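Everything below belongs to final14.txt, which stores compact mmCIF, C-alpha atoms.
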```txt
# COMPACT_ATOMS: atom_id res chain seq x y z
CA MET A 1 6.06 2.54 20.73
CA ASP A 2 8.76 4.00 23.04
CA GLU A 3 12.48 3.17 22.85
CA GLN A 4 12.46 1.02 26.02
CA HIS A 5 9.68 -1.15 24.61
CA GLN A 6 11.57 -1.53 21.33
CA GLU A 7 14.75 -2.51 23.19
CA ARG A 8 12.83 -5.10 25.24
CA GLU A 9 11.39 -6.64 22.07
CA GLU A 10 14.85 -6.74 20.50
CA ARG A 11 16.27 -8.55 23.56
CA GLU A 12 13.45 -11.09 23.40
CA ARG A 13 14.28 -11.76 19.76
CA THR A 14 17.98 -12.26 20.41
CA GLU A 15 18.44 -13.75 23.89
CA PRO A 16 19.59 -17.41 23.78
CA GLY A 17 16.85 -19.92 24.58
CA THR A 18 14.08 -17.42 23.93
CA ALA A 19 11.74 -17.89 21.00
CA PRO A 20 11.84 -14.77 18.80
CA ALA A 21 8.78 -12.59 19.29
CA VAL A 22 6.44 -12.70 16.32
CA ARG A 23 6.29 -9.26 14.77
CA PRO A 24 3.02 -7.95 13.31
CA LEU A 25 4.04 -8.44 9.68
CA ASP A 26 6.05 -11.65 10.04
CA GLY A 27 4.96 -14.10 7.37
CA PHE A 28 3.34 -11.51 5.11
CA THR A 29 4.50 -10.26 1.70
CA ILE A 30 3.63 -6.68 0.76
CA GLY A 31 3.95 -5.00 -2.63
CA VAL A 32 5.25 -1.42 -2.75
CA THR A 33 4.41 0.56 -5.89
CA ALA A 34 5.92 3.88 -4.80
CA ALA A 35 8.68 5.57 -6.76
CA ARG A 36 9.36 8.27 -4.17
CA ARG A 37 10.10 7.35 -0.53
CA ALA A 38 9.94 3.67 -1.42
CA GLU A 39 13.04 2.88 0.65
CA GLU A 40 11.52 4.55 3.68
CA LEU A 41 8.26 2.65 3.33
CA GLY A 42 10.07 -0.63 2.68
CA ALA A 43 12.25 -0.16 5.77
CA LEU A 44 9.20 0.51 7.95
CA LEU A 45 7.54 -2.67 6.69
CA GLU A 46 10.64 -4.85 7.00
CA ARG A 47 11.32 -3.60 10.54
CA ARG A 48 7.93 -5.05 11.48
CA GLY A 49 8.67 -8.37 9.81
CA GLY A 50 7.16 -7.83 6.36
CA GLN A 51 8.72 -9.20 3.20
CA VAL A 52 8.68 -6.42 0.60
CA LEU A 53 8.32 -6.72 -3.17
CA HIS A 54 9.22 -3.32 -4.62
CA ALA A 55 7.94 -2.46 -8.08
CA PRO A 56 7.87 1.28 -8.81
CA ALA A 57 4.86 1.76 -11.05
CA LEU A 58 6.07 5.21 -12.12
CA ARG A 59 9.14 7.29 -12.64
CA ILE A 60 9.46 10.98 -11.97
CA VAL A 61 10.53 13.39 -14.70
CA PRO A 62 13.61 15.24 -13.33
CA LEU A 63 12.68 18.88 -12.75
CA PRO A 64 15.63 20.45 -14.59
CA ASP A 65 14.59 18.50 -17.71
CA ASP A 66 10.90 19.38 -17.44
CA THR A 67 10.25 21.80 -20.28
CA GLU A 68 6.54 22.01 -19.43
CA LEU A 69 7.26 23.26 -15.90
CA LEU A 70 9.78 25.75 -17.28
CA ALA A 71 7.21 27.14 -19.73
CA VAL A 72 4.54 27.50 -17.02
CA THR A 73 7.00 29.18 -14.65
CA ARG A 74 7.96 31.76 -17.27
CA ALA A 75 4.31 32.39 -18.10
CA LEU A 76 3.43 33.04 -14.43
CA ILE A 77 6.39 35.38 -14.00
CA ASP A 78 5.36 37.35 -17.09
CA ASP A 79 1.64 37.37 -16.29
CA ALA A 80 0.94 37.34 -12.55
CA PRO A 81 -1.90 35.13 -11.26
CA ASP A 82 -4.30 36.37 -8.61
CA VAL A 83 -3.90 33.27 -6.44
CA VAL A 84 -1.22 30.58 -6.10
CA LEU A 85 -2.15 27.39 -4.24
CA ALA A 86 0.79 25.30 -2.99
CA THR A 87 -0.32 21.73 -2.27
CA THR A 88 2.82 19.84 -1.14
CA ALA A 89 6.04 20.86 0.58
CA ILE A 90 8.33 18.78 -1.61
CA GLY A 91 6.56 20.01 -4.72
CA PHE A 92 6.82 23.68 -3.72
CA ARG A 93 10.49 23.34 -2.77
CA GLY A 94 11.19 21.49 -6.01
CA TRP A 95 9.53 24.23 -8.03
CA VAL A 96 11.63 26.95 -6.40
CA GLU A 97 14.84 24.92 -6.74
CA ALA A 98 14.14 24.22 -10.41
CA ALA A 99 13.50 27.91 -11.03
CA GLU A 100 16.82 28.74 -9.38
CA GLY A 101 18.54 26.23 -11.66
CA TRP A 102 17.04 27.99 -14.67
CA GLY A 103 18.12 31.40 -13.36
CA LEU A 104 14.50 32.33 -12.57
CA GLY A 105 14.50 31.78 -8.79
CA GLU A 106 14.52 35.45 -7.74
CA ALA A 107 11.91 36.39 -10.33
CA LEU A 108 9.59 33.57 -9.21
CA LEU A 109 9.90 34.46 -5.52
CA ASN A 110 9.25 38.13 -6.26
CA ARG A 111 6.14 37.16 -8.21
CA LEU A 112 4.86 34.86 -5.46
CA ALA A 113 5.42 37.59 -2.86
CA GLY A 114 2.95 39.81 -4.66
CA VAL A 115 0.03 37.37 -5.01
CA GLU A 116 -2.45 35.67 -2.68
CA LEU A 117 -0.47 32.59 -1.62
CA LEU A 118 -2.39 29.70 -0.08
CA ALA A 119 -0.88 26.62 1.61
CA ARG A 120 -2.79 23.33 1.81
CA GLY A 121 -1.22 22.21 5.11
CA PRO A 122 1.49 22.80 7.72
CA LYS A 123 4.31 21.11 5.78
CA VAL A 124 3.86 23.24 2.69
CA ARG A 125 3.36 26.27 4.92
CA GLY A 126 6.81 25.58 6.37
CA ALA A 127 8.29 25.29 2.87
CA ILE A 128 6.75 28.64 1.89
CA ARG A 129 8.22 30.37 4.94
CA ALA A 130 11.60 28.71 4.39
CA ALA A 131 11.62 30.39 0.98
CA GLY A 132 11.18 33.77 2.65
CA LEU A 133 7.49 34.07 1.77
CA THR A 134 4.33 34.25 3.86
CA GLU A 135 1.10 32.45 3.07
CA LYS A 136 -2.17 34.34 3.35
CA TRP A 137 -4.17 31.32 4.59
CA SER A 138 -3.97 27.62 5.28
CA PRO A 139 -6.84 25.23 6.17
CA ALA A 140 -6.74 23.56 9.58
CA SER A 141 -7.98 20.31 8.03
CA GLU A 142 -5.31 20.07 5.27
CA SER A 143 -8.32 19.40 3.05
CA MET A 144 -8.54 20.52 -0.56
CA ALA A 145 -12.31 20.61 -0.08
CA GLU A 146 -11.90 23.33 2.54
CA VAL A 147 -9.62 25.28 0.20
CA LEU A 148 -12.19 24.99 -2.57
CA ASP A 149 -15.00 26.17 -0.29
CA ARG A 150 -13.01 29.25 0.72
CA LEU A 151 -12.16 30.17 -2.87
CA LEU A 152 -15.74 29.76 -4.05
CA GLU A 153 -17.09 31.78 -1.12
CA GLU A 154 -14.69 34.60 -1.95
CA GLY A 155 -15.68 34.36 -5.59
CA VAL A 156 -13.40 33.25 -8.42
CA ASP A 157 -15.11 34.75 -11.45
CA GLY A 158 -12.46 36.36 -13.63
CA ARG A 159 -9.60 35.38 -11.31
CA ARG A 160 -6.46 33.59 -12.47
CA ILE A 161 -5.48 30.75 -10.12
CA ALA A 162 -2.20 28.85 -10.31
CA LEU A 163 -2.42 25.35 -8.85
CA GLN A 164 0.81 23.58 -7.93
CA LEU A 165 0.28 19.94 -8.87
CA HIS A 166 2.30 17.00 -7.63
CA GLY A 167 1.38 14.12 -9.86
CA GLU A 168 -1.93 13.64 -8.08
CA PRO A 169 -5.24 14.23 -9.83
CA LEU A 170 -7.60 16.67 -8.14
CA PRO A 171 -10.99 15.45 -9.34
CA GLY A 172 -13.68 18.09 -9.29
CA PHE A 173 -11.38 20.78 -7.89
CA VAL A 174 -10.30 22.34 -11.18
CA GLU A 175 -13.72 21.79 -12.72
CA ALA A 176 -15.46 23.59 -9.83
CA LEU A 177 -13.11 26.57 -10.11
CA ARG A 178 -13.62 26.83 -13.86
CA ALA A 179 -17.36 26.50 -13.44
CA GLY A 180 -17.14 29.49 -11.09
CA GLY A 181 -15.48 31.53 -13.83
CA ALA A 182 -11.82 31.14 -12.86
CA GLU A 183 -8.87 30.61 -15.19
CA VAL A 184 -6.86 27.73 -13.74
CA VAL A 185 -3.18 27.27 -14.56
CA GLY A 186 -1.67 23.94 -13.52
CA VAL A 187 1.94 23.95 -12.32
CA PRO A 188 3.06 20.36 -13.09
CA VAL A 189 5.74 19.75 -10.47
CA TYR A 190 7.17 16.20 -10.62
CA ARG A 191 5.26 14.77 -13.55
CA TRP A 192 4.85 10.99 -13.55
CA MET A 193 5.78 8.72 -16.45
CA PRO A 194 5.65 4.93 -16.86
CA PRO A 195 8.76 3.14 -15.55
CA GLU A 196 11.54 2.51 -18.05
CA ASP A 197 11.96 -1.05 -16.73
CA LEU A 198 8.64 -2.87 -16.59
CA GLY A 199 10.17 -6.07 -15.21
CA PRO A 200 9.52 -5.32 -11.51
CA VAL A 201 5.93 -4.24 -12.25
CA ASP A 202 5.28 -7.44 -14.18
CA ARG A 203 6.73 -9.51 -11.34
CA LEU A 204 4.45 -7.75 -8.88
CA LEU A 205 1.44 -8.39 -11.11
CA ASP A 206 2.37 -12.06 -11.47
CA ALA A 207 2.81 -12.42 -7.71
CA THR A 208 -0.56 -10.78 -7.09
CA LEU A 209 -2.34 -13.17 -9.41
CA ALA A 210 -0.44 -16.21 -8.09
CA GLY A 211 -1.37 -15.54 -4.47
CA GLY A 212 2.16 -14.49 -3.57
CA LEU A 213 1.14 -11.14 -2.07
CA ASP A 214 -0.96 -10.37 0.98
CA ALA A 215 -1.24 -6.61 0.35
CA VAL A 216 -0.26 -3.94 -2.16
CA THR A 217 0.44 -0.37 -1.05
CA PHE A 218 -0.23 2.76 -3.09
CA THR A 219 1.03 6.23 -2.19
CA SER A 220 -0.17 8.06 -5.31
CA ALA A 221 -3.15 7.81 -7.62
CA PRO A 222 -0.93 7.79 -10.74
CA ALA A 223 0.83 4.67 -9.41
CA ALA A 224 -2.50 2.88 -9.01
CA ALA A 225 -3.60 3.97 -12.49
CA SER A 226 -0.27 2.92 -13.97
CA LEU A 227 -0.51 -0.57 -12.46
CA LEU A 228 -4.02 -1.01 -13.87
CA ARG A 229 -2.85 0.23 -17.26
CA ARG A 230 0.03 -2.25 -17.35
CA ALA A 231 -2.32 -5.08 -16.38
CA GLU A 232 -4.60 -4.10 -19.25
CA GLU A 233 -1.66 -4.12 -21.67
CA ARG A 234 -0.92 -7.70 -20.59
CA GLY A 235 -4.56 -8.79 -20.77
CA ILE A 236 -4.82 -9.50 -17.04
CA ARG A 237 -6.73 -6.44 -15.83
CA ASP A 238 -9.87 -8.40 -14.85
CA ALA A 239 -7.79 -10.99 -12.99
CA LEU A 240 -5.92 -8.24 -11.14
CA LEU A 241 -9.14 -6.51 -10.12
CA ALA A 242 -10.57 -9.83 -8.93
CA ALA A 243 -7.49 -10.41 -6.74
CA LEU A 244 -7.65 -6.90 -5.28
CA ARG A 245 -11.33 -7.38 -4.47
CA THR A 246 -10.75 -10.64 -2.63
CA ASP A 247 -7.42 -12.09 -1.51
CA VAL A 248 -4.99 -9.16 -1.75
CA LEU A 249 -5.50 -6.04 0.36
CA PRO A 250 -5.07 -2.77 -1.57
CA VAL A 251 -3.90 -0.17 0.96
CA CYS A 252 -3.85 3.50 -0.06
CA VAL A 253 -2.29 6.40 1.79
CA GLY A 254 -5.45 8.47 1.33
CA PRO A 255 -8.74 8.90 -0.54
CA VAL A 256 -7.25 10.71 -3.54
CA THR A 257 -4.77 7.88 -4.05
CA ALA A 258 -7.64 5.36 -3.95
CA LEU A 259 -9.67 7.00 -6.73
CA PRO A 260 -8.43 4.85 -9.69
CA LEU A 261 -9.19 1.69 -7.70
CA GLU A 262 -12.56 2.90 -6.45
CA ALA A 263 -13.51 3.67 -10.05
CA GLU A 264 -13.14 -0.09 -10.66
CA ASP A 265 -15.24 -1.04 -7.61
CA VAL A 266 -12.19 -2.06 -5.58
CA ALA A 267 -12.62 -1.33 -1.88
CA THR A 268 -9.46 -0.05 -0.19
CA LEU A 269 -7.97 0.37 3.25
CA GLN A 270 -6.86 3.87 4.23
CA PRO A 271 -5.28 5.24 7.41
CA GLU A 272 -6.99 8.08 9.24
CA ARG A 273 -3.88 10.24 8.79
CA PHE A 274 -2.52 10.31 5.26
CA ARG A 275 1.11 9.47 6.09
CA LEU A 276 3.44 6.50 5.64
CA GLY A 277 3.66 5.76 9.38
CA PRO A 278 -0.11 5.41 9.88
CA LEU A 279 -0.29 3.36 6.66
CA VAL A 280 2.21 0.86 8.11
CA GLN A 281 0.39 0.83 11.45
CA LEU A 282 -2.83 0.04 9.59
CA LEU A 283 -1.19 -2.95 7.89
CA CYS A 284 0.16 -4.12 11.26
CA ARG A 285 -3.41 -4.25 12.55
CA GLU A 286 -5.26 -5.52 9.51
CA LEU A 287 -3.02 -8.28 8.13
CA PRO A 288 -2.75 -10.18 11.44
CA GLY A 289 -6.52 -9.69 11.73
CA ARG A 290 -6.96 -11.79 8.59
CA VAL A 291 -5.02 -14.69 10.08
CA ARG A 292 -6.89 -17.95 10.62
CA THR A 293 -6.19 -19.23 14.12
CA LEU A 294 -7.04 -22.92 14.57
CA PRO A 295 -6.90 -25.07 17.73
CA VAL A 296 -5.07 -28.11 16.40
CA ALA A 297 -3.68 -31.02 18.45
CA GLY A 298 -3.55 -28.91 21.60
CA ARG A 299 -1.75 -26.08 19.85
CA ARG A 300 -2.72 -22.74 18.31
CA LEU A 301 -2.04 -22.62 14.58
CA GLU A 302 -2.00 -19.30 12.70
CA ILE A 303 -1.75 -19.45 8.91
CA ARG A 304 -0.04 -16.39 7.45
CA GLY A 305 0.97 -15.56 3.88
CA HIS A 306 4.21 -17.53 3.61
CA ALA A 307 4.66 -18.75 7.18
CA VAL A 308 2.83 -20.34 10.08
CA VAL A 309 2.80 -19.40 13.77
CA VAL A 310 2.61 -22.40 16.11
CA ASP A 311 2.00 -21.46 19.75
CA GLY A 312 3.56 -18.05 19.17
CA VAL A 313 6.61 -19.33 17.27
CA LEU A 314 7.07 -18.31 13.63
CA ARG A 315 7.65 -21.27 11.29
CA PRO A 316 8.62 -20.48 7.68
CA VAL A 317 6.95 -22.94 5.29
CA PRO A 318 7.88 -23.58 1.63
CA PRO A 319 5.27 -22.66 -1.02
CA ALA A 320 4.19 -26.27 -1.61
CA GLY A 321 3.62 -26.77 2.10
CA MET A 322 1.60 -23.56 2.35
CA ALA A 323 -0.58 -24.72 -0.54
CA LEU A 324 -1.30 -28.02 1.24
CA LEU A 325 -1.92 -26.32 4.57
CA ARG A 326 -4.42 -23.88 3.07
CA ALA A 327 -6.24 -26.75 1.37
CA LEU A 328 -6.50 -28.58 4.71
CA ALA A 329 -7.53 -25.41 6.57
CA ARG A 330 -10.49 -24.76 4.26
CA ARG A 331 -12.16 -27.73 5.97
CA PRO A 332 -10.37 -28.12 9.32
CA GLY A 333 -10.94 -31.53 10.86
CA TRP A 334 -12.24 -33.05 7.61
CA VAL A 335 -10.30 -35.52 5.50
CA VAL A 336 -8.98 -34.01 2.27
CA PRO A 337 -8.27 -36.64 -0.43
CA ARG A 338 -4.79 -36.89 -1.93
CA ALA A 339 -6.17 -36.12 -5.38
CA GLU A 340 -7.56 -32.81 -4.15
CA LEU A 341 -4.31 -31.95 -2.40
CA LEU A 342 -2.41 -32.80 -5.58
CA ARG A 343 -4.49 -30.25 -7.48
CA ALA A 344 -3.59 -27.65 -4.84
CA LEU A 345 0.15 -28.22 -5.31
CA PRO A 346 1.77 -25.79 -7.76
CA GLY A 347 3.07 -27.67 -10.81
CA ALA A 348 2.81 -31.11 -9.19
CA GLY A 349 1.57 -33.01 -12.23
CA ARG A 350 -0.27 -36.31 -11.70
CA ASP A 351 1.95 -38.20 -9.28
CA GLU A 352 0.34 -38.37 -5.83
CA HIS A 353 3.77 -39.18 -4.42
CA ALA A 354 4.40 -35.42 -4.71
CA VAL A 355 1.74 -34.93 -2.03
CA GLU A 356 3.52 -37.31 0.34
CA THR A 357 6.86 -35.59 -0.23
CA ALA A 358 5.43 -32.10 0.27
CA MET A 359 3.48 -33.24 3.33
CA ALA A 360 6.61 -34.68 4.94
CA ARG A 361 8.43 -31.38 4.42
CA LEU A 362 5.43 -29.47 5.76
CA ARG A 363 5.43 -31.50 8.98
CA VAL A 364 9.13 -30.84 9.46
CA ALA A 365 8.61 -27.11 8.87
CA LEU A 366 5.78 -26.98 11.41
CA GLY A 367 7.92 -28.65 14.04
CA ALA A 368 4.87 -30.56 15.28
CA PRO A 369 4.07 -33.62 13.11
CA LYS A 370 0.84 -34.42 15.00
CA LEU A 371 -0.83 -31.26 13.69
CA ILE A 372 -1.62 -33.17 10.48
CA GLN A 373 -3.01 -36.69 10.61
CA THR A 374 -2.73 -39.30 7.89
CA VAL A 375 -5.98 -41.14 7.18
CA VAL A 376 -4.97 -44.42 5.52
CA LYS A 377 -6.13 -44.82 1.92
CA ARG A 378 -8.11 -41.59 2.14
CA GLY A 379 -5.91 -38.54 2.62
CA TYR A 380 -4.94 -36.09 5.36
CA ARG A 381 -6.68 -33.90 7.91
CA LEU A 382 -5.82 -31.16 10.35
CA ALA A 383 -6.11 -32.62 13.86
CA LEU A 384 -8.68 -30.05 14.96
CA ASP A 385 -9.36 -30.23 18.71
CA PRO A 386 -12.60 -32.18 19.30
CA HIS A 387 -14.40 -29.40 21.18
CA ALA A 388 -13.52 -26.64 18.68
CA ASP A 389 -16.35 -24.71 17.08
CA THR A 390 -15.97 -26.03 13.55
CA ASP A 391 -18.43 -23.52 12.12
CA LYS A 392 -16.16 -20.74 13.34
CA TYR A 393 -13.19 -22.14 11.45
CA SER A 394 -14.86 -23.32 8.27
CA GLY A 395 -15.13 -21.41 5.00
CA GLU A 396 -12.83 -18.82 3.57
CA ASP A 397 -10.67 -16.32 5.43
CA ALA A 398 -12.51 -13.69 7.43
CA GLN A 399 -13.32 -10.55 5.53
CA VAL A 400 -11.46 -7.38 6.43
CA ARG A 401 -13.07 -3.97 6.68
CA ARG A 402 -12.34 -1.86 3.66
CA VAL A 403 -13.39 1.55 2.47
CA ALA A 404 -16.04 0.86 -0.11
CA PRO A 405 -16.01 2.98 -3.27
CA GLY A 406 -18.05 6.09 -2.79
CA CYS A 407 -17.82 6.02 1.02
```
As structure tokens, please, write out the structure in this file.
Amino acid sequence: MDEQHQEREERERTEPGTAPAVRPLDGFTIGVTAARRAEELGALLERRGGQVLHAPALRIVPLPDDTELLAVTRALIDDAPDVVLATTAIGFRGWVEAAEGWGLGEALLNRLAGVELLARGPKVRGAIRAAGLTEKWSPASESMAEVLDRLLEEGVDGRRIALQLHGEPLPGFVEALRAGGAEVVGVPVYRWMPPEDLGPVDRLLDATLAGGLDAVTFTSAPAAASLLRRAEERGIRDALLAALRTDVLPVCVGPVTALPLEAEDVATLQPERFRLGPLVQLLCRELPGRVRTLPVAGRRLEIRGHAVVVDGVLRPVPPAGMALLRALARRPGWVVPRAELLRALPGAGRDEHAVETAMARLRVALGAPKLIQTVVKRGYRLALDPHADTDKYSGEDAQVRRVAPGC
């Protein structure tokens, strides 16, 4: 989107007398599990209208305090590897900076200058060159599979290969190298640990199970694994998996990140390019695509996560009202009894007067009271237009394409 288009949208949202344009993520709540770059991801989502629930599922061990990385760095300086594979730019830069802080920076760079240095992609290639080094090779695809193929074709038997890790598991990669006869040394840059404060993670889990989230984003496999582990500790792992398989979209930045979820038969959404920007663009397409659009009382009604769009105007609706509206929308045009609506209300008890109160507030929030009709002594119904295709609008929300495990 160019700057002129953005400025035009901003004017439409702010000019007096003009209804604010509905942004792609207006009315949706999205969980963010990232520890690193969480603010950047959250800002991208909020700029497009999303409400963000941030719950870092991990914390990063500070490099200067990482005794394991220090020990590996000293070992590689003392005993040179044949190959060093740098996988991420931030990880490679962090490794060099940590070595400098320990007084080992020059020794590490000298060692790396004398070995076969491989770069997984253009960003890490730039970090290598910024350090005054030159990579021998980098795959055009940024794929670890292509790196593995090259190494195995060259032959790895008896070779010592240092692999710069970045908190991400590399399933099959290390095993294939070792099966080929290589000695693999992992360089654990930015190791992940469980968060010190589990409160935000627990709130995210509770919101997921309560239907308060429309999507959860994952930018690292350890974050996904950590969330599943915390759910298991609380005895809600099965409920979490059920939610991620049905109502809540799990969106991963790439296939490696998705592995812990795929192992539990949870299908995921992934952008074609493994970056935050494409991930947000994917959400902007997919979440509105899940919206139920109903022709009601001559208007177009879109039911989003915590809001409704009526004829292109966003209408925030309180939780009780959303619960009633979803109950009515499951059978648009059909009368839903008060007793059934009462069961749909969160914490309403047994007093059907609570339905009347919540319904009155819902009508006010919608700004169009005729959207919902009262059927005396029976209940309420959405005033579905008489010529609407009721089969099209019946049943549960439309299914969204996901990447099935193993695909």
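Relative to atom CA of A:Asn110, atom CA of A:Arg74 is found at 12.8 Å.
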Show me, as a ChimeraX atom specification, the residues that have an atom within 10 Å of stretch 28-42 of chain A when counting only C-alpha atoms, minus same-chain residues fewer than 5 positions from it.
/A:47,49-60,192,195,200-201,204-205,207-208,212-220,222-224,226-227,248-251,276-277,279-280,283,287-288,304-307
Output C-alpha atoms of each residue in that selection to a file, as an mmCIF file, in the coordinates of the input.
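Result went into selection.cif, see below:
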```cif
data_model
loop_
_atom_site.group_PDB
_atom_site.id
_atom_site.type_symbol
_atom_site.label_atom_id
_atom_site.label_comp_id
_atom_site.auth_asym_id
_atom_site.auth_seq_id
_atom_site.Cartn_x
_atom_site.Cartn_y
_atom_site.Cartn_z
ATOM 1 C CA ARG A 47 11.320 -3.600 10.540
ATOM 2 C CA GLY A 49 8.670 -8.370 9.810
ATOM 3 C CA GLY A 50 7.160 -7.830 6.360
ATOM 4 C CA GLN A 51 8.720 -9.200 3.200
ATOM 5 C CA VAL A 52 8.680 -6.420 0.600
ATOM 6 C CA LEU A 53 8.320 -6.720 -3.170
ATOM 7 C CA HIS A 54 9.220 -3.320 -4.620
ATOM 8 C CA ALA A 55 7.940 -2.460 -8.080
ATOM 9 C CA PRO A 56 7.870 1.280 -8.810
ATOM 10 C CA ALA A 57 4.860 1.760 -11.050
ATOM 11 C CA LEU A 58 6.070 5.210 -12.120
ATOM 12 C CA ARG A 59 9.140 7.290 -12.640
ATOM 13 C CA ILE A 60 9.460 10.980 -11.970
ATOM 14 C CA TRP A 192 4.850 10.990 -13.550
ATOM 15 C CA PRO A 195 8.760 3.140 -15.550
ATOM 16 C CA PRO A 200 9.520 -5.320 -11.510
ATOM 17 C CA VAL A 201 5.930 -4.240 -12.250
ATOM 18 C CA LEU A 204 4.450 -7.750 -8.880
ATOM 19 C CA LEU A 205 1.440 -8.390 -11.110
ATOM 20 C CA ALA A 207 2.810 -12.420 -7.710
ATOM 21 C CA THR A 208 -0.560 -10.780 -7.090
ATOM 22 C CA GLY A 212 2.160 -14.490 -3.570
ATOM 23 C CA LEU A 213 1.140 -11.140 -2.070
ATOM 24 C CA ASP A 214 -0.960 -10.370 0.980
ATOM 25 C CA ALA A 215 -1.240 -6.610 0.350
ATOM 26 C CA VAL A 216 -0.260 -3.940 -2.160
ATOM 27 C CA THR A 217 0.440 -0.370 -1.050
ATOM 28 C CA PHE A 218 -0.230 2.760 -3.090
ATOM 29 C CA THR A 219 1.030 6.230 -2.190
ATOM 30 C CA SER A 220 -0.170 8.060 -5.310
ATOM 31 C CA PRO A 222 -0.930 7.790 -10.740
ATOM 32 C CA ALA A 223 0.830 4.670 -9.410
ATOM 33 C CA ALA A 224 -2.500 2.880 -9.010
ATOM 34 C CA SER A 226 -0.270 2.920 -13.970
ATOM 35 C CA LEU A 227 -0.510 -0.570 -12.460
ATOM 36 C CA VAL A 248 -4.990 -9.160 -1.750
ATOM 37 C CA LEU A 249 -5.500 -6.040 0.360
ATOM 38 C CA PRO A 250 -5.070 -2.770 -1.570
ATOM 39 C CA VAL A 251 -3.900 -0.170 0.960
ATOM 40 C CA LEU A 276 3.440 6.500 5.640
ATOM 41 C CA GLY A 277 3.660 5.760 9.380
ATOM 42 C CA LEU A 279 -0.290 3.360 6.660
ATOM 43 C CA VAL A 280 2.210 0.860 8.110
ATOM 44 C CA LEU A 283 -1.190 -2.950 7.890
ATOM 45 C CA LEU A 287 -3.020 -8.280 8.130
ATOM 46 C CA PRO A 288 -2.750 -10.180 11.440
ATOM 47 C CA ARG A 304 -0.040 -16.390 7.450
ATOM 48 C CA GLY A 305 0.970 -15.560 3.880
ATOM 49 C CA HIS A 306 4.210 -17.530 3.610
ATOM 50 C CA ALA A 307 4.660 -18.750 7.180
#
```
In Å, how far is it from atom CA of A:Leu244 to atom CA of A:Leu362?
28.3 Å
One number please: atom CA of A:Asp351 to atom CA of A:Arg338, in Å, one decimal.
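We find that atom CA of A:Asp351 and atom CA of A:Arg338 lie 10.1 Å from each other.
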With only C-alpha atoms counted, which protein, DNA or RNA residues have an atom no more than 12 Å from (2.1, 22.3, -7.3) in the file frame? Please answer as JSON, numbers by chain.
{"A": [69, 72, 73, 84, 85, 86, 87, 88, 89, 90, 91, 92, 93, 94, 95, 96, 118, 119, 120, 124, 161, 162, 163, 164, 165, 166, 167, 168, 169, 170, 185, 186, 187, 188, 189, 190, 191]}
Which residues, written as a ChimeraX atom specification, have at least one atom at most 9 Å from A:Trp334, with all atoms listed in the file counted and residues fewer than 5 positions away on the same chain left out?
/A:328,380-384
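Comparing A:Gly312, A:Leu342, A:Gly321, A:Ala243 by their smallest distance to A:Ala21, the closest is A:Gly312 (using all atoms listed in the file).
Take the candidates A:Lys136, A:Ala130, A:Leu76, A:Ala354 and check each one against A:Ala107 using only C-alpha atoms; the shortest distance goes to A:Leu76.
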Give me, as a list in words, all polymer residues having an atom no more than 9 Å from A:Glu340, counting all atoms listed in the file and skipping those fewer than 4 positions away in the same chain.
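Result of the neighbour search: Ala327, Val336 and Ala344 of chain A.
The nearest approach to A:Ala263 among the residues A:Leu228, A:Ala358, A:Val309, A:Leu177, with only C-alpha atoms taken into account, belongs to A:Leu228.
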Top pick for closest residue to A:Val147, considering A:Gly180, A:Gly347, A:Pro369, A:Gly121 and counting all atoms listed in the file:
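So, comparing all the options, the nearest one is A:Gly121.
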Closest to A:Arg290 among A:Leu45, A:Asp247, A:Arg326, A:Asp157, using all atoms listed in the file?
A:Asp247
Given the choices A:Ala339, A:Val256, A:Val375, A:Met322, which gets closest to A:Gly27 if the distance is worked out from all atoms listed in the file?
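When distances to A:Gly27 are compared using all atoms listed in the file, the smallest one comes from A:Met322.
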For A:Gly158, work out the shell of residues within 10 Å, counting only C-alpha atoms and skipping chain neighbours fewer than 4 positions away, then give it as an NGL selection string.
:A and (82 or 178 or 180-183)
